[in-house]
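Trainee: Hey, dropping model.cif in here, mmCIF, C-alpha atoms:
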data_target
#
loop_
_atom_site.label_atom_id
_atom_site.label_comp_id
_atom_site.auth_asym_id
_atom_site.auth_seq_id
_atom_site.Cartn_x
_atom_site.Cartn_y
_atom_site.Cartn_z
CA MET A 1 -0.71 -29.09 -10.02
CA GLN A 2 -1.33 -25.49 -10.92
CA GLN A 3 1.87 -23.60 -11.63
CA PRO A 4 2.40 -19.93 -12.47
CA ARG A 5 1.27 -19.22 -16.03
CA PRO A 6 2.68 -16.76 -18.54
CA SER A 7 0.53 -13.70 -18.86
CA SER A 8 -1.59 -13.23 -21.95
CA LEU A 9 -0.84 -9.53 -21.55
CA LEU A 10 2.73 -10.25 -22.60
CA SER A 11 1.61 -11.96 -25.85
CA PRO A 12 4.27 -14.74 -25.73
CA ARG A 13 5.32 -16.65 -28.83
CA PRO A 14 5.60 -20.38 -28.02
CA TRP A 15 7.92 -21.11 -30.95
CA LEU A 16 10.68 -19.16 -29.25
CA LEU A 17 11.12 -22.04 -26.82
CA ALA A 18 11.85 -24.45 -29.62
CA ALA A 19 14.02 -22.09 -31.63
CA GLY A 20 16.10 -20.70 -28.77
CA ILE A 21 19.22 -18.58 -29.05
CA ALA A 22 22.71 -19.61 -28.00
CA LEU A 23 23.50 -18.60 -24.43
CA GLY A 24 25.93 -15.73 -24.12
CA ILE A 25 26.91 -12.61 -22.26
CA VAL A 26 24.75 -9.66 -23.22
CA PRO A 27 27.25 -7.71 -25.38
CA ALA A 28 26.26 -4.17 -24.46
CA ALA A 29 26.37 -4.82 -20.73
CA ALA A 30 29.13 -7.38 -20.19
CA ALA A 31 32.03 -5.02 -19.51
CA GLN A 32 29.98 -2.44 -17.65
CA VAL A 33 28.02 -4.46 -15.09
CA ALA A 34 30.56 -6.97 -13.79
CA ASP A 35 31.12 -6.63 -10.02
CA ARG A 36 28.87 -3.57 -9.87
CA VAL A 37 26.40 -3.35 -6.97
CA VAL A 38 22.91 -2.89 -8.39
CA ASP A 39 19.72 -2.07 -6.54
CA VAL A 40 16.72 -2.81 -8.73
CA VAL A 41 13.56 -1.12 -7.42
CA LEU A 42 10.25 -1.95 -9.10
CA GLU A 43 6.62 -2.63 -8.26
CA ASP A 44 4.83 -5.91 -8.81
CA GLN A 45 1.31 -6.53 -10.12
CA PHE A 46 -0.08 -5.97 -6.61
CA LYS A 47 1.62 -2.53 -6.42
CA ASN A 48 4.04 -3.80 -3.78
CA ARG A 49 7.44 -2.10 -3.82
CA ARG A 50 10.17 -4.65 -4.56
CA GLU A 51 13.91 -4.11 -4.04
CA THR A 52 16.84 -6.41 -4.64
CA ALA A 53 18.71 -4.60 -1.84
CA LEU A 54 16.37 -6.24 0.67
CA LEU A 55 17.58 -9.66 -0.50
CA ARG A 56 21.27 -9.18 0.30
CA GLY A 57 22.78 -12.30 1.79
CA ASP A 58 20.98 -14.44 -0.80
CA VAL A 59 21.59 -14.97 -4.50
CA VAL A 60 19.15 -13.08 -6.73
CA VAL A 61 18.35 -14.33 -10.22
CA LEU A 62 16.34 -11.86 -12.30
CA VAL A 63 14.71 -13.52 -15.31
CA TYR A 64 13.36 -10.92 -17.71
CA ALA A 65 12.18 -10.48 -21.27
CA ASP A 66 10.11 -8.30 -23.52
CA ARG A 67 6.60 -9.47 -24.35
CA HIS A 68 7.78 -11.63 -27.25
CA GLY A 69 10.18 -13.57 -25.01
CA ALA A 70 7.75 -13.94 -22.12
CA GLU A 71 6.87 -17.63 -22.38
CA ALA A 72 10.47 -18.77 -22.74
CA ALA A 73 11.44 -16.55 -19.79
CA VAL A 74 8.68 -18.08 -17.65
CA GLU A 75 9.97 -21.56 -18.45
CA THR A 76 13.56 -20.57 -17.63
CA GLY A 77 12.51 -19.07 -14.31
CA ARG A 78 10.39 -22.11 -13.46
CA ARG A 79 13.28 -24.51 -14.12
CA LEU A 80 15.67 -22.51 -11.95
CA HIS A 81 13.20 -22.09 -9.10
CA VAL A 82 12.34 -25.80 -8.99
CA ARG A 83 16.01 -26.78 -9.17
CA PHE A 84 16.78 -24.87 -5.99
CA HIS A 85 13.35 -25.41 -4.38
CA PRO A 86 12.49 -28.96 -5.53
CA THR A 87 9.38 -29.31 -3.34
CA ALA A 88 7.81 -26.58 -5.49
CA ALA A 89 7.26 -29.22 -8.17
CA GLY A 90 4.48 -30.76 -6.07
CA ALA A 91 3.28 -27.69 -4.21
CA PRO A 92 -0.05 -25.93 -4.79
CA ALA A 93 0.07 -22.59 -6.59
CA THR A 94 -0.45 -20.71 -3.31
CA GLU A 95 2.78 -22.18 -1.90
CA TRP A 96 4.85 -22.54 -5.06
CA SER A 97 7.12 -19.58 -4.35
CA ARG A 98 7.44 -20.28 -0.61
CA GLN A 99 9.21 -23.63 -0.69
CA PRO A 100 12.49 -24.13 1.21
CA VAL A 101 15.79 -23.89 -0.60
CA VAL A 102 18.01 -26.95 -0.93
CA GLY A 103 20.86 -27.23 1.54
CA LEU A 104 24.57 -26.96 0.82
CA PRO A 105 27.04 -29.80 1.48
CA GLY A 106 29.13 -29.30 4.58
CA TRP A 107 27.18 -26.23 5.66
CA PRO A 108 27.79 -25.39 9.36
CA ALA A 109 25.01 -26.55 11.66
CA GLY A 110 22.82 -23.71 12.88
CA ALA A 111 24.02 -21.25 10.21
CA ARG A 112 21.45 -19.73 7.90
CA VAL A 113 21.50 -21.28 4.44
CA PRO A 114 21.44 -18.61 1.68
CA ASP A 115 18.35 -18.71 -0.50
CA VAL A 116 18.05 -18.33 -4.27
CA HIS A 117 15.41 -15.80 -5.29
CA VAL A 118 14.35 -16.39 -8.89
CA ILE A 119 12.39 -13.27 -9.79
CA PRO A 120 10.29 -12.92 -12.95
CA VAL A 121 10.38 -9.44 -14.45
CA ALA A 122 8.00 -8.38 -17.21
CA CYS A 123 9.62 -5.70 -19.39
CA ILE A 124 6.76 -3.71 -20.92
CA PRO A 125 7.96 -0.13 -21.46
CA GLU A 126 5.59 0.16 -24.42
CA VAL A 127 2.59 0.25 -22.05
CA PRO A 128 1.59 3.93 -21.57
CA LYS A 129 0.97 5.27 -18.07
CA THR A 130 -2.75 5.49 -18.73
CA LEU A 131 -2.90 1.72 -19.26
CA ARG A 132 -0.58 0.55 -16.48
CA ALA A 133 -3.48 -0.13 -14.13
CA VAL A 134 -5.01 -2.35 -16.80
CA ALA A 135 -1.71 -4.18 -17.22
CA ARG A 136 -1.48 -4.83 -13.48
CA SER A 137 -5.06 -6.05 -13.36
CA ARG A 138 -4.51 -8.55 -16.16
CA LEU A 139 -1.29 -9.81 -14.59
CA ARG A 140 -3.05 -10.28 -11.25
CA LYS A 141 -5.50 -12.60 -13.00
CA GLU A 142 -2.74 -14.52 -14.75
CA SER A 143 -0.36 -14.73 -11.77
CA GLU A 144 -2.50 -14.70 -8.64
CA PHE A 145 0.11 -15.88 -6.16
CA VAL A 146 3.56 -15.33 -7.65
CA SER A 147 4.91 -11.79 -7.60
CA VAL A 148 5.91 -10.52 -11.04
CA TRP A 149 8.04 -7.39 -11.03
CA LEU A 150 6.93 -4.89 -13.66
CA ASP A 151 9.45 -2.85 -15.62
CA PHE A 152 7.50 -0.05 -17.28
CA ASP A 153 10.53 2.26 -17.57
CA ASP A 154 13.12 0.05 -19.30
CA ASN A 155 15.21 -0.27 -16.13
CA MET A 156 16.38 -3.82 -16.80
CA ARG A 157 17.81 -2.94 -20.19
CA ARG A 158 19.64 0.05 -18.73
CA HIS A 159 21.00 -1.93 -15.78
CA PHE A 160 21.97 -5.15 -17.51
CA GLY A 161 21.33 -4.94 -21.25
CA MET A 162 18.71 -7.04 -23.01
CA VAL A 163 18.42 -9.20 -26.09
CA PRO A 164 14.87 -8.95 -27.48
CA GLU A 165 12.50 -11.88 -28.01
CA THR A 166 14.43 -14.23 -25.71
CA PRO A 167 14.97 -14.85 -21.98
CA ASN A 168 17.55 -12.70 -20.25
CA VAL A 169 19.08 -13.52 -16.87
CA ALA A 170 20.96 -11.29 -14.45
CA ILE A 171 22.61 -12.98 -11.45
CA LEU A 172 23.43 -10.92 -8.36
CA ASP A 173 25.72 -12.32 -5.69
CA ILE A 174 25.10 -12.19 -1.93
CA HIS A 175 26.47 -8.63 -1.82
CA GLY A 176 24.19 -7.36 -4.58
CA ARG A 177 26.96 -7.28 -7.19
CA THR A 178 26.28 -8.30 -10.76
CA HIS A 179 27.95 -11.66 -11.28
CA ALA A 180 26.75 -12.34 -14.83
CA THR A 181 24.22 -11.34 -17.45
CA LEU A 182 23.06 -14.03 -19.85
CA SER A 183 20.69 -14.22 -22.76
CA GLY A 184 19.11 -17.02 -24.75
CA HIS A 185 17.74 -20.52 -24.27
CA LEU A 186 19.48 -22.64 -21.60
CA ASP A 187 20.15 -26.12 -22.93
CA GLU A 188 20.97 -28.82 -20.37
CA LEU A 189 24.71 -28.12 -20.36
CA LYS A 190 24.32 -24.35 -19.99
CA PHE A 191 21.59 -24.83 -17.40
CA GLU A 192 23.92 -26.94 -15.25
CA GLU A 193 26.68 -24.34 -15.65
CA VAL A 194 24.32 -21.64 -14.37
CA VAL A 195 23.24 -23.86 -11.46
CA ALA A 196 26.90 -24.47 -10.55
CA ALA A 197 27.67 -20.74 -10.68
CA ILE A 198 24.73 -19.93 -8.41
CA THR A 199 25.83 -22.65 -5.97
CA ARG A 200 29.34 -21.17 -5.83
CA LEU A 201 27.85 -17.75 -5.06
CA ARG A 202 25.78 -19.26 -2.24
CA MET A 203 28.92 -20.77 -0.75
CA GLN A 204 30.36 -17.27 -0.37
CA ALA A 205 27.94 -16.74 2.51
CA ARG A 206 29.49 -19.55 4.55
CA PRO A 207 30.44 -18.07 7.94
CA ASP A 208 33.93 -19.57 7.90
CA ALA A 209 34.67 -18.70 4.28
CA ARG A 210 38.01 -17.07 3.54
CA THR A 211 39.22 -15.12 0.53
CA ALA A 212 42.66 -14.39 -0.87
CA ALA A 213 42.47 -10.93 0.68
CA LEU A 214 41.55 -12.36 4.08
CA PRO A 215 43.25 -15.75 4.48
CA ALA A 216 42.65 -18.06 7.38
CA ALA A 217 44.95 -17.45 10.33
CA ALA A 218 48.05 -19.63 10.41
CA PRO A 219 48.04 -22.30 13.16
CA ARG A 220 50.17 -21.54 16.20
#
Rewrite the coordinates I just gave you, this time as structure tokens.
Mentor:
Amino acid sequence: MQQPRPSSLLSPRPWLLAAGIALGIVPAAAAQVADRVVDVVLEDQFKNRRETALLRGDVVVLVYADRHGAEAAVETGRRLHVRFHPTAAGAPATEWSRQPVVGLPGWPAGARVPDVHVIPVACIPEVPKTLRAVARSRLRKESEFVSVWLDFDDNMRRHFGMVPETPNVAILDIHGRTHATLSGHLDELKFEEVVAAITRLRMQARPDARTAALPAAAPR
């Protein structure tokens, strides 16, 4: 099966996968981004405008890195996408990103199930404007069917913070609020913790969900 490949443009370093860095909150961003609504607006390699605001109602997982963390970021994004869209593991490259999301236990019949959008973002602010067309062209060859959002202007670092040479993850809840920003290699334990957190965020979209501020009505 052909799966999305890391771009040679990003010059990944395979040894980063083996070395890894302990998972943690990005220090510079942790206190500033929590519960803040963020609208990330970028273009992909096909020059399509992409906005996280258009994905409200679903959980958005932005997986991003500089060029030296590209391969590890691709692997992190692939693992998360397949976990929530397991049929992608056997799908052709043309359909890899279009597979249905897994259901949620006890979800009301007929209610829309919130998706999980795992979005790869290539952070390449070092590419000058005169060479951006070349960068897009090379990425189109490397990722023909999966949209890769391109951050030429260092937006991801400003929005969420970034640790260089390693995968970074920003999780937005169904309302577009920043739930968490993480950096480093996800071992099995941390990976399962992230999966559980995303699942809890999906459950917030349940039509009959109640919060402490809006409790269920008392029976009469």
Trainee: Please list as a list in words every residue within 7 Å of region 99-114 of chain A, counting all atoms listed in the file and excluding residues in the same chain fewer than 2 positions away.
Mentor: Gly57, Asp58, Phe84, His85, Thr87, Ala88, Glu95, Trp96, Ser97, Val116, Arg202 and Ala205 of chain A
Trainee: Using only C-alpha atoms, please write the residues we just selected to a file, as an mmCIF file, in the coordinates of the input.
Mentor:
data_model
loop_
_atom_site.group_PDB
_atom_site.id
_atom_site.type_symbol
_atom_site.label_atom_id
_atom_site.label_comp_id
_atom_site.auth_asym_id
_atom_site.auth_seq_id
_atom_site.Cartn_x
_atom_site.Cartn_y
_atom_site.Cartn_z
ATOM 1 C CA GLY A 57 22.780 -12.300 1.790
ATOM 2 C CA ASP A 58 20.980 -14.440 -0.800
ATOM 3 C CA PHE A 84 16.780 -24.870 -5.990
ATOM 4 C CA HIS A 85 13.350 -25.410 -4.380
ATOM 5 C CA THR A 87 9.380 -29.310 -3.340
ATOM 6 C CA ALA A 88 7.810 -26.580 -5.490
ATOM 7 C CA GLU A 95 2.780 -22.180 -1.900
ATOM 8 C CA TRP A 96 4.850 -22.540 -5.060
ATOM 9 C CA SER A 97 7.120 -19.580 -4.350
ATOM 10 C CA VAL A 116 18.050 -18.330 -4.270
ATOM 11 C CA ARG A 202 25.780 -19.260 -2.240
ATOM 12 C CA ALA A 205 27.940 -16.740 2.510
#
Trainee: Which is closer to Arg157 (chain A) than all the others in A:Leu54, A:Leu172, A:Met203, A:Ala65, using all atoms listed in the file?
Mentor: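 For Arg157 (chain A), the nearest of the given residues is A:Ala65.
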Trainee: Enumerate, as a CSV table (one decimal) with C-alpha atoms, keeping the file's coordinate frame, the protein, DNA and RNA residues whose atoms approach (11.6, -9.6, -12.5) to within 10 Å, taking into account only C-alpha atoms and the coordinate frame of the file.
Mentor:
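What landed in selection12.csv:
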chain,number,residue,atom,x,y,z
A,40,VAL,CA,16.7,-2.8,-8.7
A,42,LEU,CA,10.2,-2.0,-9.1
A,43,GLU,CA,6.6,-2.6,-8.3
A,44,ASP,CA,4.8,-5.9,-8.8
A,50,ARG,CA,10.2,-4.6,-4.6
A,52,THR,CA,16.8,-6.4,-4.6
A,61,VAL,CA,18.4,-14.3,-10.2
A,62,LEU,CA,16.3,-11.9,-12.3
A,63,VAL,CA,14.7,-13.5,-15.3
A,64,TYR,CA,13.4,-10.9,-17.7
A,65,ALA,CA,12.2,-10.5,-21.3
A,77,GLY,CA,12.5,-19.1,-14.3
A,118,VAL,CA,14.4,-16.4,-8.9
A,119,ILE,CA,12.4,-13.3,-9.8
A,120,PRO,CA,10.3,-12.9,-13.0
A,121,VAL,CA,10.4,-9.4,-14.4
A,122,ALA,CA,8.0,-8.4,-17.2
A,123,CYS,CA,9.6,-5.7,-19.4
A,147,SER,CA,4.9,-11.8,-7.6
A,148,VAL,CA,5.9,-10.5,-11.0
A,149,TRP,CA,8.0,-7.4,-11.0
A,150,LEU,CA,6.9,-4.9,-13.7
A,151,ASP,CA,9.4,-2.8,-15.6
A,156,MET,CA,16.4,-3.8,-16.8
A,169,VAL,CA,19.1,-13.5,-16.9
A,170,ALA,CA,21.0,-11.3,-14.4
Trainee: Give me the residues within 8 Å of Ile171 (chain A) as a PyMOL selection string, counting all atoms listed in the file and dropping any in the same chain fewer than 3 places off.
Mentor: chain A and resi 59-62+178-181+198
Trainee: Would you compute the distance between CA of Glu192 (chain A) and CA of Val82 (chain A)? Give it in Å to one decimal.
Mentor: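 Going from CA of Glu192 (chain A) over to CA of Val82 (chain A) covers 13.2 Å.
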